[in-house]
Every structure is written in structure tokens, then in C-alpha cells.
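S.K.: Dumping the structure here so I can ask a few things about it.
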Amino acid sequence: MPKTIIITGASDGIGAAGARILHNHGHRVVIVGRSPKKTESVARHLGVDHFVADFSRLDDVRKLADDLDHAYARIDVLANNAGGIFGDRTKTADGFEKTFQINHLAPFLLSRLLMDKLVASEATVIQTSSSGARLFGKLVIDDLDHDRDFTPQLAYGTVKLENILFTKELHHRYNAQGISAAAFHPGAVATSFATDSDSFMKRIYNSRIGRAFMRTPEQGAEQLVWLAETQPGNDWQSGTYYEKRRPARRNNPQALDTDLARQLWDRSEQLLTTAAR
């Protein structure tokens, strides 16, 4: 049965590739992107709906949630794919470190604002995470902006860890109401990833030698497509972080901490309440 599938970060990279594949499989795909020009171009090529939202502005996220809620009677899949690694520590207009807001806080807000619709649709919520969670992630609840120890790769690894913890807590809180959740690592993919970063990852992703060993966007999107189309409980288990269609064998020890997942959820809600005042 065709599904209504929302994909953020879908104007480029694995988001755009996943949108193309799912559209070709007959689903109703809705793409969300930051760049009006690129988002409109992808949407026009596919003949699908699109919305523009900059996740560095939480008001954009609130408007996006309202627009999606009014536009669609049901949402079968929400793929929280938007994200990236950035340069020096920069605070958004909302007062949060940019990497933290774009990769975790904004998709957390979008998911929470759409929760009634997602529950009613018995939806799947997918997080694009990364093995960077295991390599670089270090979560400190009272310093989610990494004000004390910021580096681009530490901030990125931590938000990818937060994607996994959000998945676990979303499952814990809402699976009984019909929500299924999964996170996945797409692999190293030859995209524009790290273009705006000052980290060593930029040199790797801009290197011809490095890119020669990377996956294509279509290959990177394969797990997103698999999770979106298949049946949770049968083909995959809700609340799980996947690598190569299998639960990750290795993980950051913090990713297994259920109490930390609860604390992150509660702290995220507190920060959003404060930011809305």
C-alpha cells in the first residue's frame, strides 16, 4: 500500500536519493529542504510536494509542523534526515549551538509537534544517525551545546548519539500507541556533507581518493528506504539503531543508557519551553 512519507534534508544527498526511490516505488513523498532553489528543483523533477524550512530557526520548524499537519490526513513515515557537521561553535537565533539544534533539537520539536498525527497514523519515525556517535559522541546533559569542550567532530558525534537515544525513548514512550522508531548509519556517502565544516571530515569528503571509497547517495539511502517500506516487528525492531540492516554490533556505551535517553528527552522539552518564551 502506498504511504505518505515526509523526508527532511531531501534537497540533496541521501534524502533526495531516498525520495526518488520511494517516489518511483509508488509512495506519496513529501520533501523538506533548507534551500528554496534546490528543494523546488528536486520536487519539480519528481512532481511531488515540497516545503522549505531552515532548522537553525525553530519558528521555521513550528510552521513546517503546522503546514504538514494541515496538508496531510495521515503521515505514515517521518524521516528525520536533515543534519550535518559545521564549523566553529555558532549559536543560532534561538540561542543553541548550531550542530545541536539542526541535528537534534529541531527534529525532536518537529516530531513532538506532529505526534498526534503520527500516533493516529501508527507511523514510523526514522533518524539518520552515524557511526560518529560511537567514534566521537560524548553526551553531558547540562552542556548539550558543548560550551566547555566544543570541537566540530565532538558536537557532530554527540548529536548522532542523541539521534539514537531519541529513537530509544520515542519507542519507550509511544510504541504502545502505535509508533515505531529506528535510527540508522548510512555509511560514508559521497555527498556535500561537511562542506561547511572546519573539521578533518571536510578534507576527507572533498578528497578524490576519499570519495572513491564512499557509497553513492542511492546506496546511502538504502536503509532509509528499507525502514520506510517494511514492517516493524517483522522486518526490523522498533527502538533499534541499524548498520547494514542489522542492529549495530558496536555502539557508544551511552547509547545503551535508558536513563540517559529519558533525561535527554526531558531536557530537550525544557529547552524548547524556555526558547518559546
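So you can find residues: chains in the C-alpha cells are A, B, ... in the order shown, residues in each start at 1, and ligands are numbered from 1 in order.
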Can you list, as a list of chain:residue names, every residue of segment 25-238 of chain A that DSSP puts in strand (DSSP E)?
M.R.: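 Taking segment 25-238 of chain A and keeping strand (DSSP E) gives A:Arg28, A:Val29, A:Val30, A:Ile31, A:Val32, A:Gly33, A:Asp49, A:His50, A:Phe51, A:Val52, A:Val77, A:Leu78, A:Ala79, A:Asn80, A:Thr124, A:Val125, A:Ile126, A:Gln127, A:Thr128, A:Ser180, A:Ala181, A:Ala182, A:Ala183, A:Phe184, A:His185.
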S.K.: If you count only C-alpha atoms, which residues fall within 10 Å of Lys63 of chain A, apart from same-chain ones fewer than 6 positions away, as a list in words?
M.R.: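 Skipping anything fewer than 6 positions along the chain leaves Val52, Ala53, Asp69 and Leu110 of chain A.
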S.K.: Please produce a file of those selected residues containing all heavy atoms, as a JSON list (two decimals), in the first residue's frame.
M.R.:
```json
[["chain", "number", "residue", "atom", "x", "y", "z"],
["A", 52, "VAL", "N", 9.83, 24.33, 2.50],
["A", 52, "VAL", "CA", 11.14, 24.89, 2.81],
["A", 52, "VAL", "C", 11.18, 25.27, 4.28],
["A", 52, "VAL", "O", 10.27, 25.95, 4.78],
["A", 52, "VAL", "CB", 11.44, 26.12, 1.93],
["A", 52, "VAL", "CG1", 12.76, 26.78, 2.36],
["A", 52, "VAL", "CG2", 11.52, 25.72, 0.46],
["A", 53, "ALA", "N", 12.21, 24.82, 4.98],
["A", 53, "ALA", "CA", 12.37, 25.14, 6.40],
["A", 53, "ALA", "C", 13.85, 25.12, 6.74],
["A", 53, "ALA", "O", 14.57, 24.20, 6.34],
["A", 53, "ALA", "CB", 11.60, 24.16, 7.28],
["A", 69, "ASP", "N", 0.75, 19.23, 9.17],
["A", 69, "ASP", "CA", -0.43, 18.74, 9.87],
["A", 69, "ASP", "C", -1.70, 19.08, 9.12],
["A", 69, "ASP", "O", -2.63, 18.27, 9.03],
["A", 69, "ASP", "CB", -0.46, 19.32, 11.28],
["A", 69, "ASP", "CG", -1.52, 18.67, 12.15],
["A", 69, "ASP", "OD1", -1.73, 17.45, 12.04],
["A", 69, "ASP", "OD2", -2.16, 19.39, 12.93],
["A", 110, "LEU", "N", 9.97, 18.91, 15.72],
["A", 110, "LEU", "CA", 9.07, 18.55, 14.63],
["A", 110, "LEU", "C", 8.30, 17.28, 14.97],
["A", 110, "LEU", "O", 7.07, 17.21, 14.77],
["A", 110, "LEU", "CB", 9.88, 18.34, 13.34],
["A", 110, "LEU", "CG", 9.08, 17.94, 12.10],
["A", 110, "LEU", "CD1", 8.07, 19.02, 11.71],
["A", 110, "LEU", "CD2", 10.02, 17.65, 10.94]]
```
S.K.: Which one of A:Thr90, A:Thr258, A:Asn24, A:Gln237 sits closest to His172 of chain A if you count only C-alpha atoms?
M.R.: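 Under the stated criterion, the closest residue is A:Thr258.
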S.K.: Tell me, as a ChimeraX atom specification, which residues lie within 12 Å of Asp143 of chain A, counting only C-alpha atoms; anything in the same chain fewer than 5 positions away does not count.
M.R.: /A:96-97,100,138,148-150,155,158,264,267-268,271
S.K.: Please identify all polymer residues within 12 Å of Arg173 of chain A, counting only C-alpha atoms, omitting same-chain residues fewer than 3 positions from it, and present them as a ChimeraX atom specification.
M.R.: /A:112,115,119,166-170,176-181,238-239,258,261-262,265-266
S.K.: Find, counting only C-alpha atoms, the residue in A:Val225, A:Ala82, A:Val125, A:Leu135 that gets nearest to Ala183 of chain A.
M.R.: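 Of A:Val225, A:Ala82, A:Val125, A:Leu135, the one nearest Ala183 of chain A, counting only C-alpha atoms, is A:Val125.
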S.K.: Skip Tyr156 of chain A itself and residues of its chain fewer than 5 positions away, then list as a list in words all residues within 9 Å of it, counting only C-alpha atoms.
M.R.: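 What passes the distance filter is Gly84, Ile85, Phe86, Thr99, Phe100, Asn103, Gly132, Ala133, Phe136, Gly137, Thr151 and Leu161 of chain A.
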S.K.: At what distance in Å, to one decimal, does atom CA of Arg62 of chain A lie from atom CA of Phe108 of chain A?
M.R.: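 Distance between the two atoms: 11.2 Å.
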S.K.: If you count only C-alpha atoms, which residues fall within 9 Å of Gln223 of chain A, apart from same-chain ones fewer than 2 positions away, as number ranges by chain?
M.R.: A: 184-186, 219-221, 225-228, 242-245
S.K.: Tell me, as a list in words, which residues lie within 12 Å of segment 36-47 of chain A, counting only C-alpha atoms; anything in the same chain fewer than 5 positions away does not count.
M.R.: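 That gives Ile7, Thr8, Gly9, Ala10, Ser11, Asp12, Gly13, Gly15, Ala16, Ala17, Gly18, Ala19, Arg20, Ile21, Leu22, His23, Asn24, Gly26, His27, Arg28, Val29, Val30, Ile31, Val52, Ala53 and Asp54 of chain A.
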S.K.: Those same residues, written as a PDB file, in the first residue's frame with N, CA and C atoms?
M.R.:
```pdb
ATOM      1  N   ILE A   7      10.256  13.472   4.191  1.00  0.00           N
ATOM      2  CA  ILE A   7      11.712  13.349   4.331  1.00  0.00           C
ATOM      3  C   ILE A   7      12.309  14.735   4.468  1.00  0.00           C
ATOM      4  N   THR A   8      12.961  15.001   5.590  1.00  0.00           N
ATOM      5  CA  THR A   8      13.670  16.266   5.744  1.00  0.00           C
ATOM      6  C   THR A   8      15.093  16.119   5.204  1.00  0.00           C
ATOM      7  N   GLY A   9      15.704  17.253   4.900  1.00  0.00           N
ATOM      8  CA  GLY A   9      17.026  17.193   4.297  1.00  0.00           C
ATOM      9  C   GLY A   9      16.992  16.488   2.960  1.00  0.00           C
ATOM     10  N   ALA A  10      15.924  16.737   2.193  1.00  0.00           N
ATOM     11  CA  ALA A  10      15.691  15.965   0.962  1.00  0.00           C
ATOM     12  C   ALA A  10      16.000  16.743  -0.306  1.00  0.00           C
ATOM     13  N   SER A  11      16.697  17.868  -0.178  1.00  0.00           N
ATOM     14  CA  SER A  11      17.043  18.623  -1.379  1.00  0.00           C
ATOM     15  C   SER A  11      18.375  18.196  -1.970  1.00  0.00           C
ATOM     16  N   ASP A  12      19.044  17.243  -1.305  1.00  0.00           N
ATOM     17  CA  ASP A  12      20.369  16.815  -1.745  1.00  0.00           C
ATOM     18  C   ASP A  12      20.699  15.477  -1.077  1.00  0.00           C
ATOM     19  N   GLY A  13      21.763  14.846  -1.502  1.00  0.00           N
ATOM     20  CA  GLY A  13      22.315  13.704  -0.815  1.00  0.00           C
ATOM     21  C   GLY A  13      21.384  12.525  -0.677  1.00  0.00           C
ATOM     22  N   GLY A  15      18.870  12.128   1.272  1.00  0.00           N
ATOM     23  CA  GLY A  15      17.461  12.497   1.374  1.00  0.00           C
ATOM     24  C   GLY A  15      16.807  12.576   0.006  1.00  0.00           C
ATOM     25  N   ALA A  16      17.487  13.258  -0.924  1.00  0.00           N
ATOM     26  CA  ALA A  16      16.965  13.357  -2.289  1.00  0.00           C
ATOM     27  C   ALA A  16      16.945  11.996  -2.967  1.00  0.00           C
ATOM     28  N   ALA A  17      17.991  11.198  -2.760  1.00  0.00           N
ATOM     29  CA  ALA A  17      18.048   9.862  -3.361  1.00  0.00           C
ATOM     30  C   ALA A  17      16.933   8.983  -2.818  1.00  0.00           C
ATOM     31  N   GLY A  18      16.719   9.013  -1.503  1.00  0.00           N
ATOM     32  CA  GLY A  18      15.637   8.237  -0.910  1.00  0.00           C
ATOM     33  C   GLY A  18      14.283   8.669  -1.425  1.00  0.00           C
ATOM     34  N   ALA A  19      14.104   9.979  -1.590  1.00  0.00           N
ATOM     35  CA  ALA A  19      12.836  10.496  -2.124  1.00  0.00           C
ATOM     36  C   ALA A  19      12.586   9.973  -3.529  1.00  0.00           C
ATOM     37  N   ARG A  20      13.625   9.966  -4.357  1.00  0.00           N
ATOM     38  CA  ARG A  20      13.469   9.466  -5.733  1.00  0.00           C
ATOM     39  C   ARG A  20      13.086   7.990  -5.743  1.00  0.00           C
ATOM     40  N   ILE A  21      13.770   7.200  -4.930  1.00  0.00           N
ATOM     41  CA  ILE A  21      13.496   5.761  -4.910  1.00  0.00           C
ATOM     42  C   ILE A  21      12.077   5.492  -4.414  1.00  0.00           C
ATOM     43  N   LEU A  22      11.705   6.120  -3.318  1.00  0.00           N
ATOM     44  CA  LEU A  22      10.377   5.884  -2.741  1.00  0.00           C
ATOM     45  C   LEU A  22       9.275   6.399  -3.670  1.00  0.00           C
ATOM     46  N   HIS A  23       9.522   7.511  -4.336  1.00  0.00           N
ATOM     47  CA  HIS A  23       8.552   8.010  -5.322  1.00  0.00           C
ATOM     48  C   HIS A  23       8.396   7.014  -6.464  1.00  0.00           C
ATOM     49  N   ASN A  24       9.513   6.475  -6.942  1.00  0.00           N
ATOM     50  CA  ASN A  24       9.455   5.502  -8.032  1.00  0.00           C
ATOM     51  C   ASN A  24       8.767   4.204  -7.602  1.00  0.00           C
ATOM     52  N   GLY A  26       6.122   4.212  -5.889  1.00  0.00           N
ATOM     53  CA  GLY A  26       4.694   4.498  -5.840  1.00  0.00           C
ATOM     54  C   GLY A  26       4.190   5.183  -4.588  1.00  0.00           C
ATOM     55  N   HIS A  27       5.094   5.627  -3.711  1.00  0.00           N
ATOM     56  CA  HIS A  27       4.665   6.277  -2.482  1.00  0.00           C
ATOM     57  C   HIS A  27       4.441   7.775  -2.710  1.00  0.00           C
ATOM     58  N   ARG A  28       3.661   8.373  -1.827  1.00  0.00           N
ATOM     59  CA  ARG A  28       3.459   9.818  -1.839  1.00  0.00           C
ATOM     60  C   ARG A  28       4.557  10.451  -0.999  1.00  0.00           C
ATOM     61  N   VAL A  29       5.556  10.992  -1.657  1.00  0.00           N
ATOM     62  CA  VAL A  29       6.734  11.529  -0.978  1.00  0.00           C
ATOM     63  C   VAL A  29       6.604  13.044  -0.875  1.00  0.00           C
ATOM     64  N   VAL A  30       6.944  13.561   0.284  1.00  0.00           N
ATOM     65  CA  VAL A  30       6.946  14.995   0.534  1.00  0.00           C
ATOM     66  C   VAL A  30       8.354  15.368   0.976  1.00  0.00           C
ATOM     67  N   ILE A  31       8.985  16.284   0.258  1.00  0.00           N
ATOM     68  CA  ILE A  31      10.359  16.621   0.587  1.00  0.00           C
ATOM     69  C   ILE A  31      10.426  17.969   1.297  1.00  0.00           C
ATOM     70  N   VAL A  52       9.829  24.334   2.495  1.00  0.00           N
ATOM     71  CA  VAL A  52      11.140  24.892   2.806  1.00  0.00           C
ATOM     72  C   VAL A  52      11.178  25.270   4.278  1.00  0.00           C
ATOM     73  N   ALA A  53      12.206  24.816   4.977  1.00  0.00           N
ATOM     74  CA  ALA A  53      12.372  25.143   6.397  1.00  0.00           C
ATOM     75  C   ALA A  53      13.847  25.115   6.737  1.00  0.00           C
ATOM     76  N   ASP A  54      14.292  26.118   7.469  1.00  0.00           N
ATOM     77  CA  ASP A  54      15.665  26.198   7.953  1.00  0.00           C
ATOM     78  C   ASP A  54      15.663  25.765   9.413  1.00  0.00           C
TER      79      ASP A  54
END
```
S.K.: Record the distance separating atom CA of Arg134 of chain A and atom CA of Gln254 of chain A, expressed in Å with one decimal.
M.R.: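 Going from atom CA of Arg134 of chain A over to atom CA of Gln254 of chain A, I get 9.0 Å.
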